[in-house]
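Source file protein.txt; content: compact mmCIF, C-alpha atoms.
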# COMPACT_ATOMS: atom_id res chain seq x y z
CA MET A 1 3.88 13.57 -25.00
CA SER A 2 6.05 14.04 -21.93
CA ALA A 3 6.12 11.36 -19.26
CA LEU A 4 3.58 11.58 -16.46
CA ARG A 5 5.07 12.92 -13.26
CA PHE A 6 4.22 10.98 -10.10
CA SER A 7 4.03 12.13 -6.50
CA VAL A 8 4.31 9.37 -3.88
CA VAL A 9 2.58 10.39 -0.62
CA ILE A 10 3.40 8.51 2.59
CA VAL A 11 1.59 9.25 5.84
CA SER A 12 3.19 8.06 9.07
CA ARG A 13 2.44 8.40 12.76
CA GLY A 14 4.17 6.59 15.60
CA ARG A 15 6.10 4.15 13.37
CA PRO A 16 9.46 5.71 12.45
CA ALA A 17 11.21 2.37 11.87
CA SER A 18 8.47 1.22 9.49
CA LEU A 19 8.64 4.54 7.64
CA GLN A 20 12.39 4.17 7.15
CA ARG A 21 11.92 0.72 5.63
CA CYS A 22 9.16 2.01 3.36
CA LEU A 23 11.30 4.90 2.15
CA ARG A 24 14.23 2.62 1.35
CA GLY A 25 11.87 0.64 -0.86
CA VAL A 26 10.42 3.76 -2.47
CA SER A 27 13.93 5.02 -3.21
CA GLN A 28 14.46 1.97 -5.46
CA LEU A 29 11.44 2.60 -7.67
CA TYR A 30 12.07 2.16 -11.37
CA ARG A 31 10.19 5.13 -12.79
CA GLU A 32 11.15 8.72 -13.33
CA PRO A 33 10.16 11.41 -12.83
CA PHE A 34 8.65 11.01 -9.38
CA GLU A 35 8.77 12.92 -6.13
CA ILE A 36 8.38 11.77 -2.52
CA VAL A 37 6.09 13.52 -0.05
CA VAL A 38 6.28 12.48 3.62
CA VAL A 39 3.58 13.60 6.06
CA ALA A 40 4.57 12.52 9.55
CA ASP A 41 5.02 13.37 13.20
CA GLY A 42 8.35 14.63 14.53
CA PRO A 43 10.04 11.23 15.02
CA GLY A 44 8.80 10.16 11.60
CA LEU A 45 10.32 13.15 9.84
CA ALA A 46 13.61 12.56 11.65
CA ALA A 47 13.52 8.92 10.50
CA ALA A 48 12.80 10.05 6.92
CA ARG A 49 15.82 12.33 6.91
CA GLU A 50 17.95 9.43 8.13
CA ALA A 51 16.57 7.03 5.50
CA LEU A 52 17.11 9.57 2.69
CA PRO A 53 20.20 11.48 3.89
CA GLY A 54 20.58 13.25 0.58
CA GLY A 55 17.24 14.96 1.03
CA GLY A 56 15.36 15.60 -2.16
CA PHE A 57 11.91 14.92 -0.72
CA LYS A 58 9.04 17.07 0.51
CA GLN A 59 7.90 16.89 4.10
CA ALA A 60 5.08 18.16 6.30
CA ARG A 61 4.78 17.90 10.07
CA PHE A 62 1.44 16.37 11.08
CA ASP A 63 0.58 15.01 14.53
CA GLU A 64 -3.20 14.54 14.37
CA ALA A 65 -4.63 10.99 14.29
CA ASN A 66 -6.60 11.58 11.08
CA ILE A 67 -5.33 9.85 7.95
CA SER A 68 -7.65 11.78 5.61
CA ALA A 69 -6.47 15.16 6.86
CA ALA A 70 -2.86 13.95 6.70
CA ARG A 71 -3.26 12.78 3.11
CA ASN A 72 -4.78 16.14 2.21
CA ALA A 73 -1.65 17.79 3.62
CA GLY A 74 0.37 15.59 1.27
CA ILE A 75 -1.85 16.41 -1.71
CA ALA A 76 -1.31 20.13 -1.03
CA LEU A 77 2.43 19.62 -1.56
CA ALA A 78 2.23 17.08 -4.38
CA ALA A 79 2.94 18.57 -7.80
CA GLY A 80 2.80 15.38 -9.85
CA ASP A 81 0.25 14.65 -12.57
CA VAL A 82 -0.63 11.46 -10.66
CA ILE A 83 -0.57 11.10 -6.88
CA ALA A 84 0.13 7.61 -5.52
CA PHE A 85 -0.40 6.56 -1.91
CA ILE A 86 1.32 3.90 0.17
CA ASP A 87 1.21 3.21 3.91
CA ASP A 88 4.28 3.51 6.09
CA ASP A 89 4.14 -0.22 6.96
CA ALA A 90 4.22 -1.24 3.30
CA VAL A 91 6.96 -1.50 0.66
CA PRO A 92 6.42 -1.27 -3.11
CA GLU A 93 8.04 -3.61 -5.58
CA PRO A 94 10.51 -1.62 -7.75
CA GLY A 95 8.12 -1.80 -10.72
CA TRP A 96 5.19 -0.26 -8.81
CA LEU A 97 5.10 3.14 -10.52
CA PHE A 98 6.33 1.67 -13.82
CA HIS A 99 3.16 -0.42 -14.10
CA PHE A 100 0.89 2.34 -12.81
CA ALA A 101 2.35 4.69 -15.41
CA GLY A 102 1.65 2.20 -18.18
CA ALA A 103 -2.00 1.95 -17.11
CA PHE A 104 -2.50 5.72 -16.98
CA ALA A 105 -0.76 6.24 -20.31
CA ALA A 106 -2.57 3.48 -22.19
CA HIS A 107 -6.07 4.02 -20.82
CA GLU A 108 -8.29 7.01 -20.13
CA VAL A 109 -8.49 6.34 -16.41
CA ASP A 110 -8.58 8.69 -13.45
CA ALA A 111 -7.66 6.19 -10.75
CA ALA A 112 -5.78 2.92 -10.39
CA GLY A 113 -5.23 0.28 -7.74
CA GLY A 114 -2.69 -2.51 -7.54
CA PHE A 115 -2.44 -5.90 -5.87
CA VAL A 116 -1.38 -6.11 -2.22
CA ARG A 117 0.73 -8.96 -0.84
CA GLY A 118 0.33 -10.05 2.77
CA ARG A 119 2.87 -10.39 5.55
CA ASP A 120 4.44 -13.54 4.10
CA GLY A 121 5.06 -11.76 0.80
CA ILE A 122 3.37 -14.61 -1.08
CA SER A 123 -0.37 -14.56 -0.39
CA PHE A 124 -2.55 -11.64 -1.40
CA GLN A 125 -4.45 -9.33 0.93
CA TYR A 126 -6.22 -7.61 -1.95
CA ARG A 127 -6.68 -8.33 -5.66
CA GLY A 128 -9.62 -6.15 -6.57
CA ALA A 129 -13.18 -5.62 -5.42
CA GLU A 130 -16.35 -3.71 -6.17
CA VAL A 131 -18.03 -1.92 -3.27
CA SER A 132 -21.63 -0.86 -2.81
CA ALA A 133 -23.21 2.11 -1.07
CA ALA A 134 -23.87 -0.25 1.86
CA ALA A 135 -20.08 -0.91 2.10
CA GLU A 136 -20.48 -4.50 0.89
CA GLU A 137 -17.55 -5.79 -1.17
CA THR A 138 -17.70 -8.19 -4.11
CA PRO A 139 -14.39 -9.63 -5.39
CA LEU A 140 -13.43 -8.76 -8.95
CA VAL A 141 -11.99 -11.54 -11.07
CA THR A 142 -9.28 -10.47 -13.49
CA GLU A 143 -7.45 -12.57 -16.05
CA GLY A 144 -3.71 -12.39 -16.55
CA THR A 145 -1.53 -9.49 -15.55
CA ARG A 146 -2.72 -6.75 -17.90
CA PRO A 147 -4.56 -3.74 -16.43
CA ALA A 148 -8.34 -4.09 -16.39
CA VAL A 149 -10.45 -0.95 -16.79
CA PHE A 150 -13.84 -0.53 -15.14
CA ASP A 151 -16.48 2.14 -15.68
CA GLY A 152 -17.83 3.87 -12.60
CA ARG A 153 -21.55 4.06 -11.92
CA PRO A 154 -23.54 5.56 -9.07
CA GLY A 155 -23.84 3.28 -6.06
CA ARG A 156 -21.15 0.80 -7.16
CA ALA A 157 -17.46 1.67 -7.13
CA ILE A 158 -14.16 -0.03 -7.84
CA LYS A 159 -12.43 -0.22 -4.49
CA THR A 160 -8.78 0.78 -4.26
CA GLU A 161 -6.74 -0.04 -1.18
CA GLY A 162 -5.27 2.98 0.59
CA THR A 163 -1.87 1.34 0.75
CA ASN A 164 -1.72 0.89 -3.03
CA CYS A 165 -3.65 3.39 -5.11
CA ALA A 166 -3.10 6.33 -7.45
CA PHE A 167 -5.27 9.19 -8.72
CA ARG A 168 -4.79 11.94 -11.25
CA ARG A 169 -4.31 15.26 -9.51
CA THR A 170 -7.20 16.64 -11.54
CA VAL A 171 -9.50 14.22 -9.68
CA PHE A 172 -8.82 15.97 -6.39
CA GLU A 173 -9.13 19.39 -7.99
CA ALA A 174 -12.56 18.41 -9.40
CA LEU A 175 -13.97 16.27 -6.58
CA GLY A 176 -12.12 17.52 -3.50
CA GLY A 177 -9.68 15.78 -1.22
CA PHE A 178 -10.18 13.01 1.33
CA ASP A 179 -13.06 13.63 3.73
CA PRO A 180 -11.63 14.32 7.23
CA ASN A 181 -14.77 12.75 8.71
CA TYR A 182 -12.99 9.45 8.02
CA HIS A 183 -10.23 9.53 10.61
CA TYR A 184 -9.31 5.95 9.68
CA TYR A 185 -10.97 3.34 7.44
CA LEU A 186 -13.10 3.83 4.29
CA ASP A 187 -11.34 7.12 3.52
CA GLU A 188 -10.24 6.04 0.04
CA THR A 189 -13.50 4.09 -0.49
CA ASP A 190 -15.42 7.33 -0.05
CA LEU A 191 -13.32 8.81 -2.85
CA ASN A 192 -13.97 5.70 -4.96
CA MET A 193 -17.72 6.27 -4.55
CA ARG A 194 -17.39 9.90 -5.61
CA LEU A 195 -15.41 8.83 -8.67
CA ALA A 196 -18.06 6.25 -9.56
CA ALA A 197 -20.87 8.78 -9.18
CA ALA A 198 -19.02 11.06 -11.61
CA GLY A 199 -18.69 8.22 -14.14
CA ARG A 200 -14.88 8.13 -13.93
CA LYS A 201 -12.89 5.06 -14.97
CA THR A 202 -10.64 3.05 -12.63
CA ALA A 203 -7.92 0.58 -13.62
CA LEU A 204 -6.93 -2.49 -11.66
CA VAL A 205 -3.21 -3.05 -12.26
CA PRO A 206 -2.08 -6.52 -11.07
CA LEU A 207 1.65 -5.90 -11.53
CA ALA A 208 1.64 -2.69 -9.46
CA GLU A 209 2.44 -4.68 -6.33
CA VAL A 210 2.90 -3.58 -2.75
CA HIS A 211 3.87 -5.73 0.24
CA HIS A 212 1.85 -4.75 3.31
CA GLY A 213 3.23 -5.73 6.69
CA ALA A 214 0.31 -4.31 8.72
CA GLU A 215 2.58 -3.38 11.62
CA ALA A 216 1.44 -2.72 15.18
CA SER A 217 -0.13 0.66 15.89
CA GLU A 218 -2.33 2.38 18.42
CA LEU A 219 -5.25 0.60 16.73
CA ARG A 220 -3.91 -2.97 16.61
CA THR A 221 -1.28 -5.25 18.13
CA ALA A 222 1.59 -6.90 16.28
CA ARG A 223 -0.69 -9.95 15.84
CA HIS A 224 -3.41 -7.82 14.20
CA MET A 225 -5.64 -7.97 17.27
CA PRO A 226 -7.70 -4.75 17.32
CA ARG A 227 -7.13 -2.53 20.34
CA SER A 228 -10.18 -0.48 19.41
CA LEU A 229 -12.83 -0.54 16.68
CA ARG A 230 -14.07 2.95 17.42
CA GLN A 231 -12.84 4.60 14.23
CA ILE A 232 -14.04 1.68 12.10
CA GLY A 233 -17.52 2.06 13.53
CA ALA A 234 -17.47 5.84 13.14
CA SER A 235 -16.27 5.74 9.54
CA LEU A 236 -18.83 3.12 8.58
CA ALA A 237 -21.62 5.26 10.03
CA VAL A 238 -20.40 8.30 8.10
CA PHE A 239 -20.10 6.24 4.88
CA LEU A 240 -23.67 4.93 5.12
CA ARG A 241 -25.06 8.38 5.83
CA LYS A 242 -23.25 9.86 2.82
CA HIS A 243 -23.73 7.16 0.22
CA ALA A 244 -27.00 5.48 1.25
CA PRO A 245 -28.86 8.41 2.82
CA GLY A 246 -32.35 7.03 2.23
CA ALA A 247 -31.67 3.52 3.45
CA ASP A 248 -31.94 2.08 6.92
CA PRO A 249 -28.32 1.74 8.15
CA GLY A 250 -29.31 -0.95 10.66
CA PRO A 251 -28.75 -4.05 8.48
CA ALA A 252 -25.34 -2.86 7.22
CA LEU A 253 -24.22 -1.98 10.75
CA ALA A 254 -25.43 -5.33 12.06
CA ARG A 255 -23.51 -7.20 9.33
CA ALA A 256 -20.37 -5.24 10.09
CA GLU A 257 -20.64 -5.86 13.84
CA ALA A 258 -21.17 -9.58 13.24
CA ALA A 259 -18.09 -9.66 11.01
CA GLN A 260 -16.03 -7.91 13.67
CA ARG A 261 -17.28 -10.38 16.29
CA ARG A 262 -16.14 -13.30 14.13
CA ARG A 263 -12.79 -11.61 13.68
CA LEU A 264 -12.35 -11.16 17.42
CA VAL A 265 -13.39 -14.74 18.16
CA ARG A 266 -10.73 -15.98 15.74
CA HIS A 267 -8.16 -13.94 17.63
CA MET A 268 -9.42 -15.43 20.90
CA LEU A 269 -9.08 -18.97 19.54
CA ARG A 270 -5.52 -18.21 18.48
CA GLY A 271 -4.69 -16.98 21.96
CA ASN A 272 -4.32 -13.33 20.98
CA CYS A 273 -6.91 -12.15 23.49
CA GLU A 274 -9.10 -13.33 26.35
CA PRO A 275 -12.85 -14.03 26.03
CA ARG A 276 -13.68 -10.86 27.93
CA ASP A 277 -11.78 -8.82 25.34
CA VAL A 278 -14.27 -9.75 22.62
CA GLU A 279 -17.14 -7.82 24.18
CA ARG A 280 -14.89 -5.02 25.39
CA VAL A 281 -13.56 -4.31 21.88
CA LEU A 282 -16.98 -4.76 20.28
CA ALA A 283 -18.30 -2.07 22.61
CA THR A 284 -15.83 0.36 21.03
CA PHE A 285 -17.35 -0.41 17.61
CA ARG A 286 -20.80 0.58 18.86
CA GLU A 287 -19.39 3.71 20.49
CA GLY A 288 -17.82 4.63 17.16
CA VAL A 289 -21.08 4.13 15.31
CA ALA A 290 -22.80 6.56 17.68
CA GLU A 291 -19.99 9.07 17.15
CA GLY A 292 -20.15 8.71 13.36
CA MET A 293 -23.89 9.24 13.35
CA ALA A 294 -23.37 12.55 15.13
CA ARG A 295 -20.52 13.90 13.02
CA PRO A 296 -21.67 16.83 10.87
CA LEU A 297 -21.38 15.95 7.19
CA ALA A 298 -19.71 18.42 4.86
CA PRO A 299 -18.38 18.43 1.29
CA ALA A 300 -14.86 17.16 0.82
CA PRO A 301 -12.32 19.97 1.23
CA PRO A 302 -11.33 21.74 -2.01
CA VAL A 303 -7.91 21.12 -3.53
CA GLY A 304 -6.07 23.87 -5.33
CA PRO A 305 -2.75 23.98 -7.17
CA ALA A 306 0.28 22.43 -5.50
CA ARG A 307 1.97 24.69 -2.98
CA SER A 308 5.45 23.83 -4.20
CA ALA A 309 7.16 22.98 -7.46
CA PHE A 310 7.79 19.39 -8.51
CA LEU A 311 10.87 18.01 -6.73
CA PRO A 312 12.18 15.02 -8.69
CA PHE A 313 13.80 12.23 -6.71
CA THR A 314 16.74 10.61 -8.46
CA SER A 315 16.66 6.83 -8.14
CA PRO A 316 19.74 4.70 -8.86
CA ARG A 317 20.50 3.41 -12.33
CA PRO A 318 18.52 0.18 -12.79
CA GLY A 319 20.48 -2.94 -12.00
CA HIS A 320 19.45 -6.22 -10.43
CA GLY A 321 21.64 -8.39 -8.22
CA LEU A 322 20.62 -11.99 -7.51
CA ILE A 323 22.45 -13.67 -4.65
CA ALA A 324 21.51 -17.21 -3.64
CA GLY A 325 22.87 -19.61 -1.07
CA ASP A 326 22.15 -21.91 1.82
CA LEU A 327 20.20 -20.51 4.77
CA LEU A 328 23.06 -21.63 7.03
CA ARG A 329 25.17 -18.88 5.43
CA ALA A 330 22.52 -16.21 5.91
CA ARG A 331 24.74 -13.81 7.85
CA SER A 332 27.47 -13.53 5.21
CA LEU A 333 24.98 -13.52 2.33
CA ARG A 334 23.00 -10.69 3.95
CA ALA A 335 26.20 -8.69 4.30
CA ARG A 336 26.82 -9.06 0.56
CA ALA A 337 23.24 -8.13 -0.23
CA ARG A 338 23.50 -5.04 1.94
CA ALA A 339 26.72 -3.98 0.19
CA GLU A 340 25.16 -4.30 -3.26
CA ALA A 341 22.06 -2.42 -2.15
CA GLU A 342 24.25 0.42 -0.90
CA GLU A 343 25.79 0.55 -4.38
CA GLY A 344 22.35 1.43 -5.73
CA LYS A 345 21.23 -1.96 -7.04
CA VAL A 346 17.91 -3.73 -6.54
CA VAL A 347 19.01 -6.91 -4.80
CA SER A 348 17.17 -10.20 -4.36
CA LEU A 349 18.71 -12.51 -1.77
CA HIS A 350 17.54 -16.13 -1.97
CA LEU A 351 18.07 -18.17 1.22
CA GLN A 352 17.47 -21.81 0.42
CA GLY A 353 17.15 -24.97 2.48
CA ARG A 354 16.16 -28.60 2.18
CA VAL A 355 13.94 -28.66 5.28
CA LEU A 356 12.31 -25.20 5.30
CA ARG A 357 8.59 -25.52 5.95
CA THR A 358 7.47 -22.00 5.13
CA ARG A 359 8.03 -19.80 2.11
CA ARG A 360 8.47 -16.08 2.63
CA VAL A 361 9.42 -12.86 0.87
CA ARG A 362 10.20 -9.65 2.73
CA PHE A 363 12.00 -6.39 2.18
CA HIS A 364 14.89 -6.26 4.64
CA PRO A 365 15.41 -2.98 6.51
CA ALA A 366 18.93 -2.90 5.06
CA GLY A 367 17.44 -2.36 1.60
CA PHE A 368 17.24 -5.72 -0.18
CA TRP A 369 14.57 -8.32 -0.93
CA GLU A 370 14.93 -11.57 0.98
CA HIS A 371 13.33 -14.81 -0.25
CA ARG A 372 13.23 -17.96 1.89
CA TYR A 373 12.10 -21.22 0.35
CA ARG A 374 12.65 -24.95 0.25
CA ILE A 375 14.48 -26.61 -2.62
CA SER A 376 14.36 -30.20 -3.73
CA ARG A 377 17.38 -32.38 -4.50
CA ALA A 378 16.07 -32.91 -8.00
CA GLU A 379 15.95 -29.19 -8.84
CA GLY A 380 19.14 -27.89 -7.24
CA PRO A 381 19.92 -24.40 -5.87
CA GLY A 382 20.71 -22.68 -9.17
CA ALA A 383 17.57 -23.85 -10.93
CA ALA A 384 15.44 -22.98 -7.90
CA ALA A 385 16.87 -19.46 -7.80
CA ARG A 386 16.18 -18.91 -11.49
CA ARG A 387 12.62 -20.19 -11.11
CA GLU A 388 11.90 -17.91 -8.13
CA ASP A 389 13.51 -14.94 -9.87
CA SER A 390 11.37 -15.56 -12.94
CA ARG A 391 8.25 -15.52 -10.76
CA VAL A 392 8.89 -11.95 -9.60
CA ALA A 393 10.81 -10.55 -12.58
CA ALA A 394 7.98 -8.40 -13.93
CA VAL A 395 7.58 -6.55 -10.62
CA ARG A 396 11.17 -6.70 -9.31
CA HIS A 397 13.24 -5.76 -12.37
CA PRO A 398 10.85 -4.70 -15.14
CA TRP A 399 13.63 -2.95 -17.07
CA ASP A 400 14.81 -6.42 -18.14
CA MET A 401 11.28 -7.34 -19.23
CA ALA A 402 10.98 -4.07 -21.16
CA ASP A 403 14.42 -4.49 -22.74
CA GLN A 404 15.69 -1.41 -20.92
CA SER A 405 19.25 -0.73 -19.83
CA GLY A 406 20.63 -2.21 -16.65
CA ASP A 407 23.48 -4.60 -16.12
CA GLY A 408 21.22 -7.40 -14.88
CA ARG A 409 24.19 -9.11 -13.25
CA LYS A 410 23.33 -12.24 -11.31
CA LYS A 411 25.39 -14.28 -8.91
CA THR A 412 24.48 -17.75 -7.62
CA GLU A 413 26.44 -19.69 -5.09

Could you write out this file's structure as C-alpha cells?
Amino acid sequence: MSALRFSVVIVSRGRPASLQRCLRGVSQLYREPFEIVVVADGPGLAAAREALPGGGFKQARFDEANISAARNAGIALAAGDVIAFIDDDAVPEPGWLFHFAGAFAAHEVDAAGGFVRGRDGISFQYRGAEVSAAAEETPLVTEGTRPAVFDGRPGRAIKTEGTNCAFRRTVFEALGGFDPNYHYYLDETDLNMRLAAAGRKTALVPLAEVHHGAEASELRTARHMPRSLRQIGASLAVFLRKHAPGADPGPALARAEAAQRRRLVRHMLRGNCEPRDVERVLATFREGVAEGMARPLAPAPPVGPARSAFLPFTSPRPGHGLIAGDLLRARSLRARARAEAEEGKVVSLHLQGRVLRTRRVRFHPAGFWEHRYRISRAEGPGAAARREDSRVAAVRHPWDMADQSGDGRKKTE
C-alpha cells in the first residue's frame, strides 16, 4: 500500500512573523509525501514566500476574520489523503506527521489529535479530552505514548485541538467542511461532534506534538488577556443550538460566563488589566451569545474534490545536530545552530547554566530548537545534554528511533 499523503493547512491573519516561524518548523517535518497549504492575508502570503523562498507550497488569499471559512479554503486546495491543521502561532516537532501517519496506518481511524505544549515548551496545554453536547470537557487519561483509539457516539465526542489535529479527506467529503457560523472557537469541536454522531473513530496520538505560543492577536494581548469574548460567546451559542437543541442553554451559558469571569479576575490579579476591564470584557461575551442565538443555522458546506493536484514539499534529508554549551556563550552557539539549520539539519541547541531558575524549550525564528535548563555539578554538561536529548528524541529525531537513515551527528562543548 502506498504511503498516505498529507496536506498541512495553516491559516494566518495579521501575524506574518509568527507564520514565518511556523513554516520554518513545518519545513523540517520528517514525513513524506506532504504538501503545505497557506491561507492568509496579503502580508501573510508575502511572509510565507520569504520563509519558503523555493516555493513549492499552495496559497490562497483570505482576509475575512473567520477561521472556519479560511480552513475550508485550505481544504479546497488540499489534495492529501489526510489533512492536518496547525495554527500560525504554533510549531510542530519534526516527528509530528510521522506519528500521525503511524496512527492512521495502524488503526481504522478518521481523525487524530496530538498533544500540545504550552509557551514554555515543557508543560502541556492539551493532552486529550472528551466533550459533551453542552460543551463540557472531561480529561482523557492515556497510558504511555502509543496512540489510543476511541469510538465516537452521539452526544459525546473526542475533542481535537485546532492547532494540532488531522482528518481524512473523506471525512470532509462525507460530513462537510467547517461550519462558518463558528468564526472563532469550537469550530473543530463541532466537527468532532459530527464525527461522533456518525460513529467514526478518533485517535489520540501523544507523540504528535505541537508547541503553541498563543501569540497576541486582535482577540488577545501578548499576556493572553482577552480583548473581546464576543466570538467565544457567539460560537458557544451556535454550538448549543446545534448539538443540544432540546435543552435549555441557560445553565451551560452561565457556567461558561462564570469561567470567563474567573479567567478575567486572574488576569486582574496578575496586573494584566484593571478591575473595570472585567465587566467590560464580560459584556462582550453576552453580546456574542445574543449574536450566536440569532445566526441562521445551516448544514456544513459541502466539500468536493481538491481543486489542484498534490504538490509535494521536499524536506531536507534527516539529520540531527546537538549543540550544547554555557548560556554565557549563547550568541556564538546560536550562530552555529543557525548555520547547521541552514544546511538542512534539525538542530537542538542546549544552553546550560548553574543558576538558571526556569526551564524552557522554544523554536527559534532562525530555524533551530533552543533548550534552556539548569545543570548540577554532579551531572555535568555532557550528561545533562544527553539526558535532555533523550527526553525529546521520539518527537525531535524519530528517524533514529525508527532506525532510519540520517547522520545523527552530535556535538557537545

Using only C-alpha atoms, find each residue of segment 90-152 of chain A with at least one atom at most 8 Å away from an atom of segment 200-211 of chain A; report its shortest atom-to-atom pair and that distance in Å (one decimal), sort the rows by chain and rising residue number, and return the result as JSON lines.
{"residue": "A:Ala90", "atom": "CA", "partner": "A:His211", "partner_atom": "CA", "distance": 5.4}
{"residue": "A:Val91", "atom": "CA", "partner": "A:His211", "partner_atom": "CA", "distance": 5.3}
{"residue": "A:Pro92", "atom": "CA", "partner": "A:Val210", "partner_atom": "CA", "distance": 4.2}
{"residue": "A:Glu93", "atom": "CA", "partner": "A:Glu209", "partner_atom": "CA", "distance": 5.8}
{"residue": "A:Gly95", "atom": "CA", "partner": "A:Ala208", "partner_atom": "CA", "distance": 6.7}
{"residue": "A:Trp96", "atom": "CA", "partner": "A:Ala208", "partner_atom": "CA", "distance": 4.4}
{"residue": "A:Leu97", "atom": "CA", "partner": "A:Ala208", "partner_atom": "CA", "distance": 6.9}
{"residue": "A:Phe98", "atom": "CA", "partner": "A:Ala208", "partner_atom": "CA", "distance": 7.7}
{"residue": "A:His99", "atom": "CA", "partner": "A:Ala208", "partner_atom": "CA", "distance": 5.4}
{"residue": "A:Phe100", "atom": "CA", "partner": "A:Ala208", "partner_atom": "CA", "distance": 6.1}
{"residue": "A:Ala103", "atom": "CA", "partner": "A:Ala203", "partner_atom": "CA", "distance": 7.0}
{"residue": "A:Glu108", "atom": "CA", "partner": "A:Lys201", "partner_atom": "CA", "distance": 7.2}
{"residue": "A:Val109", "atom": "CA", "partner": "A:Lys201", "partner_atom": "CA", "distance": 4.8}
{"residue": "A:Asp110", "atom": "CA", "partner": "A:Lys201", "partner_atom": "CA", "distance": 5.8}
{"residue": "A:Ala111", "atom": "CA", "partner": "A:Thr202", "partner_atom": "CA", "distance": 4.7}
{"residue": "A:Ala112", "atom": "CA", "partner": "A:Ala203", "partner_atom": "CA", "distance": 4.5}
{"residue": "A:Gly113", "atom": "CA", "partner": "A:Leu204", "partner_atom": "CA", "distance": 5.1}
{"residue": "A:Gly114", "atom": "CA", "partner": "A:Ala208", "partner_atom": "CA", "distance": 4.7}
{"residue": "A:Phe115", "atom": "CA", "partner": "A:Glu209", "partner_atom": "CA", "distance": 5.1}
{"residue": "A:Val116", "atom": "CA", "partner": "A:Val210", "partner_atom": "CA", "distance": 5.0}
{"residue": "A:Arg117", "atom": "CA", "partner": "A:His211", "partner_atom": "CA", "distance": 4.6}
{"residue": "A:Gly118", "atom": "CA", "partner": "A:His211", "partner_atom": "CA", "distance": 6.1}
{"residue": "A:Arg119", "atom": "CA", "partner": "A:His211", "partner_atom": "CA", "distance": 7.1}
{"residue": "A:Gly121", "atom": "CA", "partner": "A:His211", "partner_atom": "CA", "distance": 6.2}
{"residue": "A:Arg127", "atom": "CA", "partner": "A:Pro206", "partner_atom": "CA", "distance": 7.3}
{"residue": "A:Gly128", "atom": "CA", "partner": "A:Leu204", "partner_atom": "CA", "distance": 6.8}
{"residue": "A:Thr145", "atom": "CA", "partner": "A:Pro206", "partner_atom": "CA", "distance": 5.4}
{"residue": "A:Arg146", "atom": "CA", "partner": "A:Val205", "partner_atom": "CA", "distance": 6.8}
{"residue": "A:Pro147", "atom": "CA", "partner": "A:Val205", "partner_atom": "CA", "distance": 4.4}
{"residue": "A:Ala148", "atom": "CA", "partner": "A:Leu204", "partner_atom": "CA", "distance": 5.2}
{"residue": "A:Val149", "atom": "CA", "partner": "A:Ala203", "partner_atom": "CA", "distance": 4.3}
{"residue": "A:Phe150", "atom": "CA", "partner": "A:Thr202", "partner_atom": "CA", "distance": 5.4}
{"residue": "A:Asp151", "atom": "CA", "partner": "A:Lys201", "partner_atom": "CA", "distance": 4.7}
{"residue": "A:Gly152", "atom": "CA", "partner": "A:Arg200", "partner_atom": "CA", "distance": 5.3}

Could you dump the residues just selected with C-alpha atoms as a tab-separated table (two decimals), in the coordinates of the input?
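What follows is the written file part-v7.tsv:
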chain	number	residue	atom	x	y	z
A	90	ALA	CA	4.22	-1.24	3.30
A	91	VAL	CA	6.96	-1.50	0.66
A	92	PRO	CA	6.42	-1.27	-3.11
A	93	GLU	CA	8.04	-3.61	-5.58
A	95	GLY	CA	8.12	-1.80	-10.72
A	96	TRP	CA	5.19	-0.26	-8.81
A	97	LEU	CA	5.10	3.14	-10.52
A	98	PHE	CA	6.33	1.67	-13.82
A	99	HIS	CA	3.16	-0.42	-14.10
A	100	PHE	CA	0.89	2.34	-12.81
A	103	ALA	CA	-2.00	1.95	-17.11
A	108	GLU	CA	-8.29	7.01	-20.13
A	109	VAL	CA	-8.49	6.34	-16.41
A	110	ASP	CA	-8.58	8.69	-13.45
A	111	ALA	CA	-7.66	6.19	-10.75
A	112	ALA	CA	-5.78	2.92	-10.39
A	113	GLY	CA	-5.23	0.28	-7.74
A	114	GLY	CA	-2.69	-2.51	-7.54
A	115	PHE	CA	-2.44	-5.90	-5.87
A	116	VAL	CA	-1.38	-6.11	-2.22
A	117	ARG	CA	0.73	-8.96	-0.84
A	118	GLY	CA	0.33	-10.05	2.77
A	119	ARG	CA	2.87	-10.39	5.55
A	121	GLY	CA	5.06	-11.76	0.80
A	127	ARG	CA	-6.68	-8.33	-5.66
A	128	GLY	CA	-9.62	-6.15	-6.57
A	145	THR	CA	-1.53	-9.49	-15.55
A	146	ARG	CA	-2.72	-6.75	-17.90
A	147	PRO	CA	-4.56	-3.74	-16.43
A	148	ALA	CA	-8.34	-4.09	-16.39
A	149	VAL	CA	-10.45	-0.95	-16.79
A	150	PHE	CA	-13.84	-0.53	-15.14
A	151	ASP	CA	-16.48	2.14	-15.68
A	152	GLY	CA	-17.83	3.87	-12.60

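Coordinates place atom CA of Ala51 of chain A at a distance of 29.3 Å from atom CA of Gln352 of chain A.
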
Residues near Ile83 of chain A, cut-off 8 Å, only C-alpha atoms, skip fewer than 6 positions along chain, as an MDAnalysis selection string: chainID A and resid 6:9 75 166:169

Ala237 of chain A environment, 7 Å, all atoms listed in the file, sequence neighbours closer than 5 positions dropped, as a list in words: Val289, Gly292 and Met293 of chain A

Close residues, Ser235 of chain A itself excluded, 9 Å, all atoms listed in the file, min 4 positions apart in chain, as a list in words: Asn181, Tyr182, His183, Tyr184, Tyr185, Leu186, Asp187, Arg230, Gln231, Phe239, Leu240, Gly288, Val289 and Gly292 of chain A

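Comparing A:Val303, A:Met268, A:Ala324, A:Ala70 by their smallest distance to Ala384 of chain A, the closest is A:Ala324 (using all atoms listed in the file).
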
Residue among A:Arg372, A:Arg261, A:Arg31, A:Arg266 lying closest to Arg280 of chain A, counting only C-alpha atoms: A:Arg261

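Reported to one decimal place, the separation of atom CA of Ile36 of chain A from atom CA of Pro398 of chain A is 20.9 Å.
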
Separation of atom CA of Leu236 of chain A from atom CA of Pro180 of chain A in Å: 13.4 Å

Spatial sel., origin (16.3, 1.7, -12.9), limit 6 Å, all atoms listed in the file, listed as a PyMOL selection string: chain A and resi 30+317-318
